[in-house]
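Data block for final-v2.txt (compact mmCIF, C-alpha atoms):
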```txt
# COMPACT_ATOMS: atom_id res chain seq x y z
CA MET A 1335 115.41 111.18 117.20
CA ASN A 1336 114.43 108.32 119.48
CA ASP A 1337 114.04 104.71 118.46
CA ILE A 1338 111.72 104.87 115.46
CA LYS A 1339 109.42 102.21 116.91
CA SER A 1340 108.84 104.29 120.02
CA TYR A 1341 106.71 106.87 118.21
CA ALA A 1342 102.95 106.54 118.49
CA THR A 1343 102.39 107.12 114.76
CA VAL A 1344 104.83 104.36 113.89
CA GLN A 1345 103.19 101.95 116.28
CA LYS A 1346 99.82 102.81 114.82
CA TRP A 1347 101.17 102.26 111.30
CA ILE A 1348 102.58 98.85 112.14
CA ALA A 1349 99.43 97.76 113.95
CA ASN A 1350 97.16 98.91 111.12
CA VAL A 1351 99.13 97.28 108.35
CA ASP A 1352 99.70 94.05 110.26
CA ARG A 1353 96.05 93.80 111.12
CA TYR A 1354 95.49 92.88 107.48
CA TYR A 1355 98.76 92.02 105.83
CA HIS A 1356 101.09 90.53 108.43
CA LEU A 1357 104.39 91.71 107.03
CA SER A 1358 107.53 89.85 108.01
CA GLU A 1359 110.09 91.21 110.43
CA ASP A 1360 112.48 91.74 107.52
CA GLU A 1361 109.91 93.73 105.63
CA TRP A 1362 109.28 95.93 108.63
CA GLN A 1363 112.96 96.50 109.17
CA GLY A 1364 113.27 97.70 105.59
CA ARG A 1365 110.23 99.94 105.91
CA LEU A 1366 111.31 101.44 109.20
CA ARG A 1367 114.73 102.19 107.79
CA ILE A 1368 113.17 104.04 104.86
CA LEU A 1369 110.88 106.02 107.15
CA GLU A 1370 113.73 106.85 109.46
CA ASP A 1371 115.89 108.02 106.57
CA PHE A 1372 113.09 110.21 105.34
CA CYS A 1373 112.58 111.67 108.80
CA TYR A 1374 116.24 112.60 108.90
CA ALA A 1375 115.96 114.11 105.43
CA VAL A 1376 113.08 116.37 106.46
CA GLU A 1377 114.45 116.88 109.96
CA GLN A 1378 111.25 115.80 111.68
CA ASP A 1379 110.34 112.89 113.88
CA PRO A 1380 107.39 110.72 112.73
CA ASP A 1381 104.86 112.12 115.20
CA ALA A 1382 105.75 115.72 114.40
CA MET A 1383 105.60 115.02 110.68
CA ILE A 1384 102.08 113.56 110.89
CA ALA A 1385 100.94 116.34 113.20
CA GLU A 1386 102.09 118.93 110.66
CA ALA A 1387 100.58 117.07 107.72
CA LEU A 1388 97.23 116.78 109.46
CA ASN A 1389 97.28 120.37 110.57
CA ASP A 1390 98.16 122.02 107.29
CA ARG A 1391 97.47 120.70 103.81
CA ALA A 1392 100.29 122.78 102.38
CA ASP A 1393 102.72 121.08 104.74
CA LYS A 1394 101.44 117.68 103.70
CA ILE A 1395 101.92 118.54 100.05
CA ASP A 1396 105.39 119.80 100.85
CA PHE A 1397 106.24 116.50 102.54
CA MET A 1398 105.07 114.64 99.46
CA ARG A 1399 107.19 116.88 97.25
CA ARG A 1400 110.20 116.27 99.42
CA LEU A 1401 109.42 112.57 99.45
CA ARG A 1402 109.60 112.49 95.68
CA SER A 1403 113.01 114.18 95.71
CA PHE A 1404 114.17 111.92 98.51
CA ALA A 1405 113.06 108.80 96.63
CA LYS A 1406 114.77 109.93 93.46
CA GLU A 1407 118.00 110.39 95.36
CA GLN A 1408 117.71 107.00 97.05
CA GLY A 1409 116.10 104.80 94.44
CA ALA A 1410 118.16 103.02 91.81
CA SER A 1411 115.30 102.85 89.33
CA ARG A 1412 111.94 104.51 88.78
CA HIS A 1413 110.18 101.50 90.25
CA ALA A 1414 112.52 101.35 93.22
CA ALA A 1415 111.91 105.03 93.87
CA HIS A 1416 108.17 104.49 93.56
CA ASP A 1417 108.31 101.58 96.04
CA LEU A 1418 110.25 103.72 98.43
CA GLU A 1419 107.74 106.54 98.15
CA ASN A 1420 104.97 104.06 98.81
CA VAL A 1421 106.44 103.10 102.15
CA VAL A 1422 106.21 106.66 103.38
CA ARG A 1423 102.84 107.18 101.72
CA SER A 1424 101.59 104.12 103.59
CA PHE A 1425 102.81 105.67 106.83
CA PHE A 1426 100.88 108.83 106.06
CA ILE A 1427 97.73 106.99 104.97
CA HIS A 1428 97.57 104.81 108.06
CA ASN A 1429 97.88 107.89 110.20
CA GLY A 1430 94.98 109.63 108.55
CA ALA A 1431 96.84 111.97 106.22
CA ARG A 1432 95.23 111.66 102.83
CA VAL A 1433 97.74 111.39 100.03
CA VAL A 1434 97.25 110.56 96.38
CA THR A 1435 98.15 107.01 95.45
CA ARG A 1436 98.85 106.09 91.88
CA PRO A 1437 100.04 102.86 90.28
CA TYR A 1438 103.31 102.64 88.38
CA ALA A 1439 101.74 103.39 85.00
CA GLU A 1440 100.52 106.77 86.20
CA GLY A 1441 103.52 107.56 88.35
CA MET B 344 75.94 82.76 82.08
CA ASP B 345 73.16 81.44 84.27
CA PHE B 346 71.17 84.19 85.99
CA LEU B 347 71.88 82.91 89.51
CA GLN B 348 75.57 82.70 88.70
CA VAL B 349 75.57 86.27 87.40
CA VAL B 350 73.93 87.64 90.52
CA GLY B 351 76.02 85.42 92.77
CA LEU B 352 79.29 86.42 91.15
CA ARG B 353 78.64 90.14 90.95
CA ARG B 354 81.00 92.16 93.09
CA SER B 355 82.20 95.71 93.13
CA ILE B 356 85.52 95.04 91.44
CA ARG B 357 88.12 97.59 92.50
CA ILE B 358 91.30 96.22 91.03
CA PHE B 359 91.43 95.97 87.27
CA LYS B 360 93.91 94.81 84.67
CA SER B 361 94.52 98.37 83.59
CA TRP B 362 96.37 97.30 80.46
CA GLU B 363 93.69 94.95 79.12
CA GLN B 364 91.21 96.60 76.83
CA VAL B 365 87.54 95.67 76.78
CA GLU B 366 86.05 94.55 73.51
CA ARG B 367 83.64 97.11 72.05
CA GLU B 368 81.08 94.34 71.45
CA LYS B 369 80.96 93.64 75.17
CA ILE B 370 80.31 97.28 75.95
CA GLN B 371 77.58 97.34 73.35
CA ARG B 372 76.03 94.24 74.88
CA ILE B 373 75.89 95.95 78.28
CA LEU B 374 74.20 98.97 76.72
CA GLU B 375 71.76 96.76 74.84
CA VAL B 376 70.79 94.94 78.03
CA VAL B 377 70.13 98.17 79.87
CA ARG B 378 67.99 99.38 76.98
CA HIS B 379 65.61 96.55 77.84
CA THR B 380 65.49 97.24 81.57
CA THR B 381 62.18 97.60 83.34
CA CYS B 382 60.96 101.16 83.82
CA PRO B 383 57.61 102.60 84.93
CA GLY B 384 55.64 104.09 82.08
CA ASN B 385 58.47 102.98 79.80
CA LEU B 386 60.06 106.33 80.62
CA GLN B 387 63.68 105.29 79.90
CA PRO B 388 65.37 108.37 81.34
CA TRP B 389 68.87 106.91 81.33
CA ARG B 390 71.56 108.06 78.96
CA ALA B 391 75.18 106.99 78.86
CA VAL B 392 78.49 108.23 77.56
CA VAL B 393 81.13 105.55 77.10
CA VAL B 394 84.64 106.74 77.70
CA GLU B 395 87.73 104.72 76.90
CA ARG B 396 90.37 105.95 79.30
CA ASP B 397 93.28 105.58 76.92
CA LYS B 398 91.57 107.60 74.19
CA LEU B 399 91.22 110.65 76.41
CA SER B 400 93.61 113.54 76.32
CA ARG B 401 95.82 113.63 79.39
CA GLN B 402 94.08 116.82 80.49
CA ASP B 403 90.57 115.37 80.23
CA ARG B 404 91.62 112.11 81.84
CA GLU B 405 93.09 113.91 84.82
CA ALA B 406 90.02 116.14 85.16
CA LEU B 407 87.66 113.17 85.10
CA LEU B 408 89.78 111.29 87.62
CA ALA B 409 89.94 114.36 89.83
CA ALA B 410 86.15 114.57 89.66
CA ASP B 411 86.07 111.12 91.31
CA ASN B 412 88.81 112.01 93.76
CA TYR B 413 91.34 109.81 91.91
CA GLN B 414 89.79 106.67 93.27
CA GLY B 415 92.12 103.75 92.68
CA ALA B 416 89.64 101.65 90.75
CA HIS B 417 88.80 104.58 88.50
CA VAL B 418 92.45 105.09 87.68
CA GLN B 419 92.78 101.44 86.74
CA ALA B 420 89.59 100.67 84.82
CA PRO B 421 90.00 101.01 81.05
CA VAL B 422 86.35 101.85 80.34
CA TRP B 423 84.18 104.35 82.14
CA ILE B 424 80.47 104.39 81.35
CA TYR B 425 78.96 107.62 82.63
CA TRP B 426 75.27 107.11 83.31
CA PHE B 427 73.05 110.17 83.29
CA SER B 428 69.42 110.84 83.93
CA ASP B 429 67.76 113.01 81.30
CA VAL B 430 65.71 115.21 83.60
CA ASP B 431 64.09 117.08 80.70
CA ASN B 432 62.62 113.77 79.57
CA SER B 433 61.52 112.50 82.98
CA GLY B 434 58.45 114.67 83.38
CA GLY B 435 54.73 114.31 82.89
CA GLU B 436 54.68 115.02 79.17
CA THR B 437 57.20 112.27 78.43
CA PHE B 438 55.22 109.89 80.61
CA ARG B 439 52.07 110.85 78.72
CA GLN B 440 53.63 110.15 75.33
CA ARG B 441 55.20 106.87 76.40
CA VAL B 442 52.05 105.60 78.03
CA HIS B 443 50.01 106.50 74.93
CA GLU B 444 52.47 104.37 73.00
CA LEU B 445 52.06 101.48 75.44
CA VAL B 446 48.30 101.64 75.03
CA ASP B 447 48.57 101.71 71.25
CA LEU B 448 50.89 98.71 71.26
CA GLY B 449 48.72 96.66 73.58
CA ALA B 450 51.00 96.68 76.62
CA LEU B 451 48.53 98.59 78.79
CA PRO B 452 45.06 97.02 78.44
CA THR B 453 42.22 99.38 77.75
CA PHE B 454 40.04 97.07 79.85
CA TYR B 455 41.99 98.28 82.89
CA GLY B 456 41.03 101.83 81.99
CA TRP B 457 44.13 102.85 80.03
CA THR B 458 43.06 105.04 77.11
CA HIS B 459 44.50 108.19 75.59
CA GLU B 460 41.59 110.11 77.06
CA SER B 461 41.95 108.76 80.61
CA ILE B 462 45.70 109.27 80.53
CA ASP B 463 45.40 112.88 79.32
CA ALA B 464 42.61 113.63 81.79
CA SER B 465 44.74 112.31 84.67
CA ILE B 466 48.16 113.61 83.75
CA VAL B 467 47.24 116.86 82.05
CA GLY B 468 43.87 117.62 83.62
CA GLY B 469 44.59 116.25 87.09
CA GLU B 470 41.39 114.24 87.15
CA THR B 471 41.25 111.17 89.32
CA ALA B 472 42.36 108.17 87.30
CA PRO B 473 39.64 105.54 86.89
CA GLU B 474 39.93 102.52 89.15
CA GLY B 475 41.83 99.78 87.38
CA MET B 476 44.70 101.94 86.18
CA ALA B 477 47.49 103.54 88.17
CA ALA B 478 46.69 106.71 90.09
CA VAL B 479 48.91 108.72 87.80
CA HIS B 480 47.10 111.96 88.61
CA THR B 481 48.64 111.91 92.09
CA LEU B 482 52.14 111.60 90.78
CA LEU B 483 52.32 113.11 87.34
CA HIS B 484 49.83 115.98 87.22
CA ASN B 485 51.70 119.27 87.53
CA LEU B 486 54.83 117.28 88.25
CA PRO B 487 57.48 119.73 89.50
CA ARG B 488 60.93 119.51 87.98
CA GLU B 489 62.44 118.32 91.27
CA MET B 490 60.10 115.34 91.24
CA ALA B 491 60.88 114.65 87.59
CA ALA B 492 64.55 114.70 88.54
CA LEU B 493 63.88 112.31 91.38
CA ILE B 494 62.00 109.91 89.11
CA GLY B 495 64.71 110.10 86.47
CA ARG B 496 67.34 109.48 89.08
CA GLN B 497 65.67 106.49 90.69
CA GLU B 498 64.96 104.82 87.37
CA THR B 499 68.51 105.37 86.17
CA VAL B 500 69.87 103.89 89.38
CA GLY B 501 67.77 100.80 88.70
CA ALA B 502 69.13 100.64 85.18
CA CYS B 503 72.67 100.86 86.54
CA ALA B 504 72.05 97.84 88.74
CA VAL B 505 71.14 95.89 85.62
CA ALA B 506 74.21 97.30 83.86
CA THR B 507 76.44 95.76 86.51
CA LEU B 508 74.83 92.36 86.02
CA ALA B 509 75.21 92.72 82.25
CA ALA B 510 78.92 93.36 82.71
CA VAL B 511 79.34 90.29 84.90
CA ASN B 512 77.49 88.28 82.28
CA GLU B 513 80.22 89.31 79.82
CA GLY B 514 82.93 88.03 82.15
CA LEU B 515 83.92 91.57 83.09
CA GLY B 516 84.59 93.25 86.37
CA THR B 517 82.56 96.32 87.18
CA CYS B 518 81.90 98.84 89.91
CA LEU B 519 79.63 101.85 90.26
CA HIS B 520 81.43 105.02 91.30
CA MET B 521 80.34 108.53 92.02
CA ALA B 522 80.50 110.20 88.61
CA ALA B 523 81.70 113.46 90.04
CA ALA B 524 81.81 115.30 93.32
CA THR B 525 79.12 117.98 93.40
CA ASP B 526 81.54 120.80 92.70
CA LYS B 527 83.05 118.88 89.75
CA VAL B 528 79.80 118.16 87.92
CA PRO B 529 80.16 121.16 85.55
CA VAL B 530 83.63 119.97 84.54
CA LEU B 531 82.34 116.46 83.90
CA LYS B 532 79.44 117.74 81.80
CA SER B 533 81.69 120.05 79.88
CA ILE B 534 84.22 117.36 79.00
CA LEU B 535 81.53 114.90 77.98
CA LYS B 536 79.56 117.65 76.20
CA VAL B 537 76.24 116.49 77.62
CA PRO B 538 73.09 118.66 77.60
CA ASP B 539 72.35 120.84 80.62
CA GLY B 540 69.35 118.73 81.55
CA TRP B 541 71.39 115.56 82.06
CA GLU B 542 72.21 114.76 85.65
CA PRO B 543 75.15 112.43 86.35
CA ILE B 544 74.11 109.37 88.33
CA TRP B 545 76.91 106.80 88.34
CA CYS B 546 80.15 106.13 86.60
CA GLN B 547 80.29 102.44 85.81
CA LEU B 548 83.86 101.21 85.71
CA VAL B 549 84.40 98.27 83.40
CA GLY B 550 87.42 96.11 82.79
CA TYR B 551 88.91 92.72 83.38
CA PRO B 552 89.44 92.12 87.08
CA ALA B 553 92.97 91.79 88.37
CA GLU B 554 91.58 90.47 91.61
CA GLU B 555 89.88 87.12 91.37
CA MET B 556 86.32 87.35 90.08
CA GLU B 557 84.86 86.68 93.55
CA ALA B 558 86.90 89.57 94.97
CA GLY B 559 87.35 87.90 98.31
CA GLY B 560 83.87 86.42 98.60
CA GLN B 561 80.33 87.61 99.01
CA ARG B 562 79.81 90.75 101.02
CA PRO B 563 77.98 90.63 104.33
CA ARG B 564 74.23 90.82 103.85
CA LEU B 565 71.62 91.70 106.39
CA PRO B 566 69.88 88.62 107.77
CA PHE B 567 66.99 87.52 105.54
CA GLU B 568 64.49 87.57 108.38
CA THR B 569 65.32 91.14 109.34
CA ILE B 570 64.51 92.61 105.93
CA TYR B 571 61.67 90.47 104.52
CA PHE B 572 58.25 90.09 106.08
CA ASP B 573 55.21 88.00 105.51
CA GLY B 574 51.95 89.90 105.26
CA ALA B 575 53.01 92.73 107.50
CA TYR B 576 56.10 94.05 109.22
CA GLY B 577 57.07 92.04 112.29
CA ARG B 578 56.47 88.56 110.98
CA PRO B 579 59.59 87.44 109.14
CA PHE B 580 59.08 85.79 105.78
CA PRO B 581 59.91 82.12 106.42
CA ARG B 582 63.24 81.07 104.94
CA ASP B 583 63.14 77.51 103.67
CA PRO B 584 66.58 75.87 104.07
CA LYS B 585 65.90 73.70 101.04
CA VAL B 586 65.58 76.82 98.87
CA VAL B 587 68.80 78.16 100.32
CA GLU B 588 70.58 74.90 99.51
CA ASP B 589 69.19 74.99 96.00
CA LEU B 590 70.44 78.56 95.53
CA GLN B 591 73.85 77.55 96.87
CA ARG B 592 74.00 74.77 94.30
CA GLY B 593 72.88 77.23 91.62
CA GLY B 594 75.67 79.65 92.44
CA LEU B 595 73.72 82.52 93.95
CA ILE B 596 74.78 82.04 97.55
CA ARG B 597 78.53 81.61 97.75
CA GLU B 598 81.35 81.71 100.25
CA GLN B 599 81.31 84.84 102.38
CA MET B 600 84.24 87.18 102.55
CA PRO B 601 86.98 87.21 103.48
CA LYS B 602 87.81 83.96 101.73
CA PRO B 603 91.12 82.42 102.85
CA GLY B 604 94.02 84.22 101.23
CA ARG B 605 92.15 87.46 100.52
CA PHE B 606 94.64 89.71 102.24
CA GLU B 607 97.55 87.83 100.68
CA GLU B 608 95.92 88.53 97.33
CA LEU B 609 95.57 92.23 98.16
CA LYS B 610 99.18 92.38 99.29
CA HIS B 611 100.30 90.82 96.04
CA LEU B 612 98.14 93.17 93.97
CA ALA B 613 99.31 96.28 95.81
CA ARG B 614 102.89 95.34 95.10
CA ALA B 615 102.23 94.34 91.52
CA PHE B 616 100.51 97.63 90.75
CA GLY B 617 102.70 99.84 92.88
CA PHE B 618 100.19 100.96 95.49
CA PRO B 619 101.32 101.70 99.02
CA LEU B 620 100.65 98.88 101.46
```
Is it possible to give me this structure as structure tokens?
Amino acid sequence: MNDIKSYATVQKWIANVDRYYHLSEDEWQGRLRILEDFCYAVEQDPDAMIAEALNDRADKIDFMRRLRSFAKEQGASRHAAHDLENVVRSFFIHNGARVVTRPYAEG
Amino acid sequence: MDFLQVVGLRRSIRIFKSWEQVEREKIQRILEVVRHTTCPGNLQPWRAVVVERDKLSRQDREALLAADNYQGAHVQAPVWIYWFSDVDNSGGETFRQRVHELVDLGALPTFYGWTHESIDASIVGGETAPEGMAAVHTLLHNLPREMAALIGRQETVGACAVATLAAVNEGLGTCLHMAAATDKVPVLKSILKVPDGWEPIWCQLVGYPAEEMEAGGQRPRLPFETIYFDGAYGRPFPRDPKVVEDLQRGGLIREQMPKPGRFEELKHLARAFGFPL
């Protein structure tokens, strides 16, 4: 996989989020690391992942299922896992892939 | 709360303190206010089912949330007031009965032509209503069900607007949501056990706002002079700056959105509640 920031979907994600929320460089580094780790876990680059999710709802659901497993493996606590999932969900949302978002209480 | 303040502070609140319950008295007060809302012919087609989210079974809660596409605000709000229009009671016969009542109580003056006989002749017989009273024959005689549904719907929408103001007056946050996507209406009606003739109009979310009460400021409004006219279309109704200043002092006209810090607030709330940013 190339530099994570070189992918169009990642650039779009960063631009969209920063248009409103202006995250710090540190925050972005953390987010990009999570996304990159997830991409390795599902063996897809970001652009290919979004293309699949937009093309086939079943694929999108499968990514979300794998995201949950991935987060459980990575996260130290339920909240940490949820936060981690949210990073990838945000990436999907800002690239037009509709995913269900729920707060902690409903997680 | 002062009327101008209520109108000026009303926002569609979308981020609620999901854990904070709403007092039953406050819900009742909203319902009582709506009961006194204006309505042509005193028709009163609105009905409501109050649902407390945390009293639902998990299955019903999920089905109702799914009916509204799991909208974030719906998930969070602790009280959902489902407003319906009673189509079976929005037709000519209900109008006839209600208007008779208004005549008997002295609301509709007989000296304008409102009598039981003139009402029956117009609504039932289709005769031209005497000058002085409303031309009810044109609207209500042989009123098809689709028109009754339309009337019920429009009057219930108006009632819902008042319901939002009533909620703000209680210090609550509120927002009108689609009650159910078209294909989910049968599920909604089944769970709430409402009669077949009730048509869902809005789901009013109620709770204490987690975002600040102004929710980032007043929403953009179309320019006054482009929507209000004096005498006829084309001549804008003059807007007196002194009136505007007075309304600003009274709390109706407030700071426009986005107020400084709005997106910082949203960032904080997303993190606090666990939504993806």
**Request:** Calculate how many Å separate CA of Val511 (chain B) from CA of Val587 (chain B), rounding to one decimal.
**Result:** 22.3 Å
**Message:** Contacts from chain B to chain A, 7 Å maximum, only C-alpha atoms: show me the residue list as JSON, numbers by chain.
**Reply:** {"B": [606, 607, 610, 616, 617, 618, 619, 620]}
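Here CA of Ala1342 (chain A) is placed at a distance of 10.4 Å from CA of Ala1382 (chain A).
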Can you tell me which residues surround Leu486 (chain B) at a distance of at most 9 Å, considering all atoms listed in the file, apart from same-chain residues fewer than 4 positions away, and format the answer as a PDB file with C-alpha atoms, in the coordinates of the input?
```pdb
ATOM      1  CA  GLY B 434      58.450 114.670  83.380  1.00  0.00           C
ATOM      2  CA  GLY B 435      54.730 114.310  82.890  1.00  0.00           C
ATOM      3  CA  ILE B 466      48.160 113.610  83.750  1.00  0.00           C
ATOM      4  CA  LEU B 482      52.140 111.600  90.780  1.00  0.00           C
ATOM      5  CA  MET B 490      60.100 115.340  91.240  1.00  0.00           C
ATOM      6  CA  ALA B 491      60.880 114.650  87.590  1.00  0.00           C
TER       7      ALA B 491
END
```
**Asked** Hey, can you pull every residue with an atom no more than 8 Å from (109.5, 105.6, 110.4), using only C-alpha atoms, and send it as a PyMOL selection string?
**Response** chain A and resi 1338-1339+1344+1365-1373+1380+1422+1425
**Item:** Coordinates-based distance that separates CA of Tyr1374 (chain A) from CA of Asp1396 (chain A) (Å, one decimal)
**Value:** 15.3 Å
